[in-house]
Structures are given as C-alpha cells and as structure tokens.
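> The structure that follows is given in the form of structure tokens.
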Amino acid sequence: MTVKSEQTRQLVAGVALRMFREIGFAKTTMRAIAAEAGVSVGNAYYYFASKDDLVQELYLQVQAEHAARAAEALKDAADLTSRLRATLHTGLDAMAPYHRFGGDFIATAIRPTSPVNPFAAGSTAAREASLDIFRTAVEAAKPPAPKKLRSDLPELLWLFYMAVTLFWVYDTSDGQQRTRRLVDGAVPLITQGLSLARVPGVGRILDDFLSLSRSIRG
C-alpha cells in the first residue's frame with residue numbers, strides 16, 4: 001500500500017470512529033463516512049468492505065489505547081490485585097468515549113454469527129491484543145500467580161473483562177461508577193480465590209475446574 005493510500009485509509013477510519021463516538025454505530029453509514037472524509041463511496045468501500053470492518057478497526061484502536069494506558073498504570077503496581085485492578089480500570093477508560101452508543105455495538109456484536117462478535121475469527125487480532133494486556137498484568141506480578149494457573153489466567157481474566165464490559169454497557173450511573181465499584185470489589189475476591197490454589201486439597205478442585213475450562217474454550 002502506498003503512502004497516499006495508507007493516508008486515505010487512515011482518514012476514512014478516523015472519520016468513521018469519530019462518527020461512531022458522536023452519532024453512534026446505527027446512524028453511521030458508509031455513505032456518510034465517505035462524504036465526511038471527502039472521498040467517493042467506492043473509495044471508502046475499497047478500504048473497508050463494510051461497517052463491520054470499521055468496527056474491527058475500532059476494536060484495534062481501543063486495544064491500543066488500553067495497552068498504552070495499562071502500561072503506564074502498571075509501572076506503579078506490583079502485586080496481582082493492584083495490577084488487575086489497574087488493567088480493568090484503564091480498559092474502562094479506553095472505552096469511555098463510546099459508552100453513549102455501547103448498546104448499538106452490543107446489539108450487533110452479541111449475535112453468535114456476527115463478524116464483529118469478540119469471539120469471532122475476524123476479531124482475532126483485537127482479541128489477542130487484549131489478551132496480551134492481561135498476560136502482561138499476570139506475568140510481571142510479584143509475588144507470581146500460582147504456577148498451575150499462570151498459563152490459563154490471562155484468558156480467564158479476559159473473559160471476566162468481557163462480562164465487566166457487558167455490565168458497563170448497561171450501566172447508566174454517573175461515569176459508570178457502578179462498574180468501577182464492581183471492579184474494585186471483585187478483583188480482591190478473584191486474587192484471594194487464586195491463593196487457594198496453594199491450599200492442600202483445593203488443588204484437585206482447581207485442576208478439575210481448569211480441565212473443564214480448557215475443554216469449553218476449545
């Protein structure tokens with residue numbers, strides 16, 4: 001792709017994401033994006049085959065913002081509780097500009113066959129980027145997470161983050177403070193639960209849980 005072509009692609013993407021923030025996903029059309037970007041509709045479709053492709057671009061941008069915010073917040077966080085709390089809060093910070101229209105995105109993404117479903121093949125790049133953020137939170141924690149849980153933990157935490165995101169979408173409290181309280185209350189419970197992996201007799205139960213978790217995650 002030439003420099004000019006890449007610039008046009010970034011222009012179309014930037015306009016689309018701004019319109020998502022300002023008027024929402026449902027009201028943003030490819031024709032409106034093209035008009036706002038000053039390109040032909042055919043040119044917009046050349047770079048992005050549909051709004052679904054632009055949602056994937058949104059996912060990637062949010063993950064990049066989340067990664068940058070988390071990296072800064074994690075500089076002052078050593079234990080897993082503070083690292084996980086920082087990771088979740090910075091994720092909410094990165095998504096904040098889109099909250100007004102979160103329901104629009106969920107209505108599209110929640111369908112199992114939707115190409116913008118977070119679990120769909122088309123979302124692999126964004127999903128892996130998000131998983132990397134949780135891997136960083138877990139791998140550098142001091143003291144380290146229990147060894148038997150360490151490899152599975154980032155994905156399990158990411159699944160929890162997906163649940164938090166769903167709660168956040170429907171959270172109408174000022175600044176989504178209910179979601180913030182959920183994070184602050186749940187994180188210590190999670191990390192305290194993880195410490196049970198070191199308790200004799202509990203390990204076998206955790207082994208069974210991990211086996212079940214791996215089987216349903218494919």
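Following the order of the structure tokens, first chain is A, next is B, and so on, with residues numbered from 1 inside each chain and ligands from 1 in the order they appear.
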What lies within 8 Å of segment 75-91 of chain A using only C-alpha atoms, ignoring chain neighbours under 5 positions off, as a PyMOL selection string?
chain A and resi 66+69-70+133-134+137-138+140-145+161+180+183-184+187-188+191
> Can I get the selected residues back with N, CA and C atoms, as a JSON list (two decimals), in the first residue's frame?

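File written: selection_9.json
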```json
[["chain", "number", "residue", "atom", "x", "y", "z"],
["A", 66, "HIS", "N", -5.94, 1.04, 25.30],
["A", 66, "HIS", "CA", -5.93, 0.31, 26.56],
["A", 66, "HIS", "C", -4.51, -0.11, 26.92],
["A", 69, "ARG", "N", -2.47, 2.89, 28.15],
["A", 69, "ARG", "CA", -2.90, 3.33, 29.49],
["A", 69, "ARG", "C", -2.48, 2.31, 30.56],
["A", 70, "ALA", "N", -2.65, 1.02, 30.23],
["A", 70, "ALA", "CA", -2.30, -0.02, 31.20],
["A", 70, "ALA", "C", -0.80, -0.03, 31.48],
["A", 133, "ILE", "N", -2.52, -7.76, 27.00],
["A", 133, "ILE", "CA", -2.56, -6.82, 28.12],
["A", 133, "ILE", "C", -2.71, -7.58, 29.43],
["A", 134, "PHE", "N", -3.57, -8.58, 29.43],
["A", 134, "PHE", "CA", -3.77, -9.38, 30.64],
["A", 134, "PHE", "C", -2.57, -10.29, 30.92],
["A", 137, "ALA", "N", -0.13, -8.17, 32.71],
["A", 137, "ALA", "CA", -0.54, -7.96, 34.09],
["A", 137, "ALA", "C", -0.19, -9.15, 34.97],
["A", 138, "VAL", "N", -0.38, -10.35, 34.43],
["A", 138, "VAL", "CA", -0.16, -11.58, 35.21],
["A", 138, "VAL", "C", 1.32, -11.92, 35.30],
["A", 140, "ALA", "N", 4.14, -10.30, 35.16],
["A", 140, "ALA", "CA", 5.08, -9.48, 35.93],
["A", 140, "ALA", "C", 4.63, -9.26, 37.38],
["A", 141, "ALA", "N", 3.58, -9.94, 37.79],
["A", 141, "ALA", "CA", 3.08, -9.76, 39.16],
["A", 141, "ALA", "C", 4.05, -10.33, 40.17],
["A", 142, "LYS", "N", 4.19, -9.64, 41.29],
["A", 142, "LYS", "CA", 5.05, -10.09, 42.38],
["A", 142, "LYS", "C", 4.25, -9.99, 43.68],
["A", 143, "PRO", "N", 4.07, -11.09, 44.41],
["A", 143, "PRO", "CA", 4.52, -12.45, 44.08],
["A", 143, "PRO", "C", 3.77, -13.00, 42.87],
["A", 144, "PRO", "N", 4.35, -13.97, 42.20],
["A", 144, "PRO", "CA", 3.70, -14.51, 40.99],
["A", 144, "PRO", "C", 2.42, -15.26, 41.31],
["A", 145, "ALA", "N", 1.54, -15.34, 40.31],
["A", 145, "ALA", "CA", 0.32, -16.13, 40.46],
["A", 145, "ALA", "C", 0.69, -17.60, 40.61],
["A", 161, "TYR", "N", -13.30, -9.77, 31.99],
["A", 161, "TYR", "CA", -13.34, -8.42, 31.41],
["A", 161, "TYR", "C", -14.49, -8.27, 30.42],
["A", 180, "ARG", "N", -17.21, 0.65, 38.10],
["A", 180, "ARG", "CA", -15.94, 0.85, 38.81],
["A", 180, "ARG", "C", -15.98, 0.16, 40.17],
["A", 183, "VAL", "N", -15.57, -3.59, 39.73],
["A", 183, "VAL", "CA", -14.16, -3.95, 39.55],
["A", 183, "VAL", "C", -13.42, -3.93, 40.88],
["A", 184, "ASP", "N", -13.58, -2.85, 41.63],
["A", 184, "ASP", "CA", -12.86, -2.72, 42.90],
["A", 184, "ASP", "C", -13.26, -3.79, 43.90],
["A", 187, "VAL", "N", -12.10, -7.69, 42.15],
["A", 187, "VAL", "CA", -10.68, -8.03, 41.98],
["A", 187, "VAL", "C", -10.07, -8.67, 43.23],
["A", 188, "PRO", "N", -10.26, -8.11, 44.43],
["A", 188, "PRO", "CA", -9.69, -8.79, 45.62],
["A", 188, "PRO", "C", -10.26, -10.19, 45.82],
["A", 191, "THR", "N", -8.36, -12.50, 43.37],
["A", 191, "THR", "CA", -6.98, -12.80, 43.77],
["A", 191, "THR", "C", -6.93, -13.62, 45.06]]
```
> Do a neighbour search on Ser50 of chain A at 10 Å with only C-alpha atoms, toss out local chain neighbours closer than 5 positions, and write the hits as a list in words.
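The residues satisfying every condition are Thr29, Met30, Ala44, Tyr45 and Val55 of chain A.
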> Restricting it to all heavy atoms, dump the selection as an mmCIF file, in the first residue's frame.

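See part-v6.cif below for the written result:
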```
data_model
loop_
_atom_site.group_PDB
_atom_site.id
_atom_site.type_symbol
_atom_site.label_atom_id
_atom_site.label_comp_id
_atom_site.auth_asym_id
_atom_site.auth_seq_id
_atom_site.Cartn_x
_atom_site.Cartn_y
_atom_site.Cartn_z
ATOM 1 N N THR A 29 -23.330 5.633 8.446
ATOM 2 C CA THR A 29 -23.395 4.841 7.216
ATOM 3 C C THR A 29 -22.106 5.011 6.426
ATOM 4 O O THR A 29 -21.372 5.998 6.594
ATOM 5 C CB THR A 29 -24.570 5.286 6.339
ATOM 6 O OG1 THR A 29 -24.337 6.642 5.898
ATOM 7 C CG2 THR A 29 -25.886 5.227 7.117
ATOM 8 N N MET A 30 -21.833 4.063 5.542
ATOM 9 C CA MET A 30 -20.644 4.163 4.702
ATOM 10 C C MET A 30 -20.715 5.404 3.816
ATOM 11 O O MET A 30 -19.710 6.060 3.558
ATOM 12 C CB MET A 30 -20.486 2.902 3.862
ATOM 13 C CG MET A 30 -20.146 1.651 4.664
ATOM 14 S SD MET A 30 -18.538 1.752 5.525
ATOM 15 C CE MET A 30 -17.382 1.581 4.146
ATOM 16 N N ALA A 44 -14.312 4.502 -0.225
ATOM 17 C CA ALA A 44 -14.467 4.069 1.172
ATOM 18 C C ALA A 44 -14.608 2.559 1.246
ATOM 19 O O ALA A 44 -13.995 1.898 2.097
ATOM 20 C CB ALA A 44 -15.686 4.750 1.788
ATOM 21 N N TYR A 45 -15.401 1.991 0.327
ATOM 22 C CA TYR A 45 -15.594 0.542 0.295
ATOM 23 C C TYR A 45 -14.325 -0.192 -0.141
ATOM 24 O O TYR A 45 -14.149 -1.367 0.192
ATOM 25 C CB TYR A 45 -16.751 0.174 -0.629
ATOM 26 C CG TYR A 45 -18.113 0.240 0.029
ATOM 27 C CD1 TYR A 45 -19.045 1.201 -0.350
ATOM 28 C CD2 TYR A 45 -18.456 -0.650 1.039
ATOM 29 C CE1 TYR A 45 -20.301 1.262 0.261
ATOM 30 C CE2 TYR A 45 -19.706 -0.600 1.653
ATOM 31 C CZ TYR A 45 -20.614 0.361 1.255
ATOM 32 O OH TYR A 45 -21.844 0.409 1.868
ATOM 33 N N VAL A 55 -15.718 -1.607 12.563
ATOM 34 C CA VAL A 55 -15.820 -1.991 13.976
ATOM 35 C C VAL A 55 -14.548 -2.707 14.417
ATOM 36 O O VAL A 55 -14.044 -2.484 15.521
ATOM 37 C CB VAL A 55 -17.065 -2.872 14.223
ATOM 38 C CG1 VAL A 55 -17.049 -3.442 15.643
ATOM 39 C CG2 VAL A 55 -18.339 -2.067 14.016
#
```
> Counting only C-alpha atoms, which residues of segment 41-80 of chain A fall within 12 Å of segment 129-132 of chain A, and what is the closest atom pair for each with its distance in Å at one decimal, ordered by chain and rising number, as a tab-separated table?

```
residue	atom	partner	partner_atom	distance
A:Tyr59	CA	A:Ser130	CA	9.4
A:Leu60	CA	A:Ala129	CA	7.7
A:Gln61	CA	A:Ala129	CA	10.2
A:Val62	CA	A:Ser130	CA	9.3
A:Gln63	CA	A:Ser130	CA	5.9
A:Ala64	CA	A:Ala129	CA	7.8
A:Glu65	CA	A:Ser130	CA	10.5
A:His66	CA	A:Ser130	CA	8.1
A:Ala67	CA	A:Ser130	CA	7.8
A:Ala68	CA	A:Ser130	CA	11.6
A:Ala70	CA	A:Ser130	CA	10.8
A:Ala71	CA	A:Asp132	CA	11.3
```
> Run DSSP on the backbone and grab whatever in segment 26-190 of chain A lands in alpha helix (DSSP H); send it over as a ChimeraX atom specification.
/A:30-37,41-47,51-73,80-95,102-109,124-139,147-150,153-169,177-190
> With C-alpha atoms retained, write the just-selected residues as a short mmCIF file (atom, residue, chain, number, x, y, z; two decimals), in the first residue's frame.

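Final output, again.cif:
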```cif
data_model
loop_
_atom_site.label_atom_id
_atom_site.label_comp_id
_atom_site.auth_asym_id
_atom_site.auth_seq_id
_atom_site.Cartn_x
_atom_site.Cartn_y
_atom_site.Cartn_z
CA MET A 30 -20.64 4.16 4.70
CA ARG A 31 -22.10 6.93 2.50
CA ALA A 32 -21.97 9.42 5.38
CA ILE A 33 -18.40 8.36 6.23
CA ALA A 34 -17.32 8.87 2.62
CA ALA A 35 -18.95 12.29 2.44
CA GLU A 36 -17.38 13.43 5.70
CA ALA A 37 -13.96 12.13 4.60
CA VAL A 41 -18.33 5.88 -1.60
CA GLY A 42 -16.49 3.39 -3.82
CA ASN A 43 -13.18 4.55 -2.39
CA ALA A 44 -14.47 4.07 1.17
CA TYR A 45 -15.59 0.54 0.30
CA TYR A 46 -12.20 -0.14 -1.28
CA TYR A 47 -10.54 0.20 2.13
CA LYS A 51 -19.13 -1.11 8.75
CA ASP A 52 -18.15 -4.43 10.29
CA ASP A 53 -14.59 -3.88 9.07
CA LEU A 54 -14.65 -0.46 10.70
CA VAL A 55 -15.82 -1.99 13.98
CA GLN A 56 -12.73 -4.20 13.87
CA GLU A 57 -10.70 -1.03 13.37
CA LEU A 58 -12.44 0.39 16.43
CA TYR A 59 -11.59 -2.72 18.44
CA LEU A 60 -7.91 -2.41 17.48
CA GLN A 61 -7.79 1.29 18.32
CA VAL A 62 -9.42 0.73 21.71
CA GLN A 63 -6.98 -2.09 22.47
CA ALA A 64 -4.03 0.11 21.51
CA GLU A 65 -5.34 2.85 23.81
CA HIS A 66 -5.93 0.31 26.56
CA ALA A 67 -2.40 -1.10 26.20
CA ALA A 68 -0.84 2.36 26.45
CA ARG A 69 -2.90 3.33 29.49
CA ALA A 70 -2.30 -0.02 31.20
CA ALA A 71 1.47 0.13 30.61
CA GLU A 72 1.59 3.49 32.37
CA ALA A 73 -0.64 2.39 35.26
CA LEU A 80 -1.64 -9.07 41.14
CA THR A 81 -4.54 -7.32 42.88
CA SER A 82 -3.31 -3.84 42.02
CA ARG A 83 -2.18 -4.90 38.53
CA LEU A 84 -5.52 -6.46 37.69
CA ARG A 85 -7.43 -3.50 39.10
CA ALA A 86 -5.30 -1.09 37.04
CA THR A 87 -5.74 -3.18 33.90
CA LEU A 88 -9.52 -3.28 34.22
CA HIS A 89 -9.90 0.40 35.07
CA THR A 90 -7.72 1.51 32.16
CA GLY A 91 -9.80 -0.71 29.88
CA LEU A 92 -12.92 1.16 31.01
CA ASP A 93 -11.09 4.45 30.44
CA ALA A 94 -10.24 3.45 26.87
CA MET A 95 -13.85 2.51 26.11
CA GLY A 102 -22.45 0.94 23.60
CA GLY A 103 -25.85 -0.66 23.25
CA ASP A 104 -25.70 -0.23 19.46
CA PHE A 105 -22.43 -2.12 19.30
CA ILE A 106 -23.64 -4.86 21.64
CA ALA A 107 -26.82 -5.37 19.61
CA THR A 108 -24.61 -6.10 16.59
CA ALA A 109 -21.74 -7.92 18.29
CA THR A 124 -8.71 -12.45 16.43
CA ALA A 125 -6.24 -9.55 16.17
CA ALA A 126 -8.13 -7.38 18.66
CA ARG A 127 -8.76 -10.32 20.98
CA GLU A 128 -5.07 -11.25 21.01
CA ALA A 129 -4.10 -7.64 21.64
CA SER A 130 -6.42 -7.59 24.65
CA LEU A 131 -5.15 -10.94 25.90
CA ASP A 132 -1.59 -9.59 25.71
CA ILE A 133 -2.56 -6.82 28.12
CA PHE A 134 -3.77 -9.38 30.64
CA ARG A 135 -0.69 -11.56 30.05
CA THR A 136 1.49 -8.58 30.94
CA ALA A 137 -0.54 -7.96 34.09
CA VAL A 138 -0.16 -11.58 35.21
CA GLU A 139 3.40 -12.38 34.14
CA LYS A 147 2.09 -21.78 38.77
CA LYS A 148 -0.72 -24.19 37.84
CA LEU A 149 -2.98 -21.23 36.99
CA ARG A 150 -0.49 -18.93 35.33
CA LEU A 153 -5.17 -16.97 33.94
CA PRO A 154 -4.87 -14.25 31.24
CA GLU A 155 -7.69 -15.77 29.19
CA LEU A 156 -9.88 -16.36 32.24
CA LEU A 157 -9.35 -12.75 33.28
CA TRP A 158 -10.14 -11.59 29.75
CA LEU A 159 -13.43 -13.49 29.92
CA PHE A 160 -14.17 -11.69 33.18
CA TYR A 161 -13.34 -8.42 31.41
CA MET A 162 -15.90 -9.29 28.72
CA ALA A 163 -18.51 -9.72 31.46
CA VAL A 164 -17.49 -6.39 33.02
CA THR A 165 -17.79 -4.75 29.60
CA LEU A 166 -21.34 -6.04 29.20
CA PHE A 167 -22.22 -4.68 32.65
CA TRP A 168 -20.58 -1.35 31.71
CA VAL A 169 -22.64 -1.04 28.51
CA GLN A 177 -19.33 4.32 38.80
CA ARG A 178 -21.28 1.13 39.46
CA THR A 179 -18.94 -0.68 37.07
CA ARG A 180 -15.94 0.85 38.81
CA ARG A 181 -17.25 -0.40 42.15
CA LEU A 182 -17.79 -3.84 40.64
CA VAL A 183 -14.16 -3.95 39.55
CA ASP A 184 -12.86 -2.72 42.90
CA GLY A 185 -14.97 -5.26 44.77
CA ALA A 186 -14.44 -8.25 42.50
CA VAL A 187 -10.68 -8.03 41.98
CA PRO A 188 -9.69 -8.79 45.62
CA LEU A 189 -12.14 -11.71 45.62
CA ILE A 190 -10.52 -13.08 42.46
#
```
> Using atom CA of His99 of chain A and atom CA of Leu11 of chain A as the two end points, give the distance in Å to one decimal.
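Atom-to-atom, atom CA of His99 of chain A and atom CA of Leu11 of chain A are spaced 22.9 Å apart.
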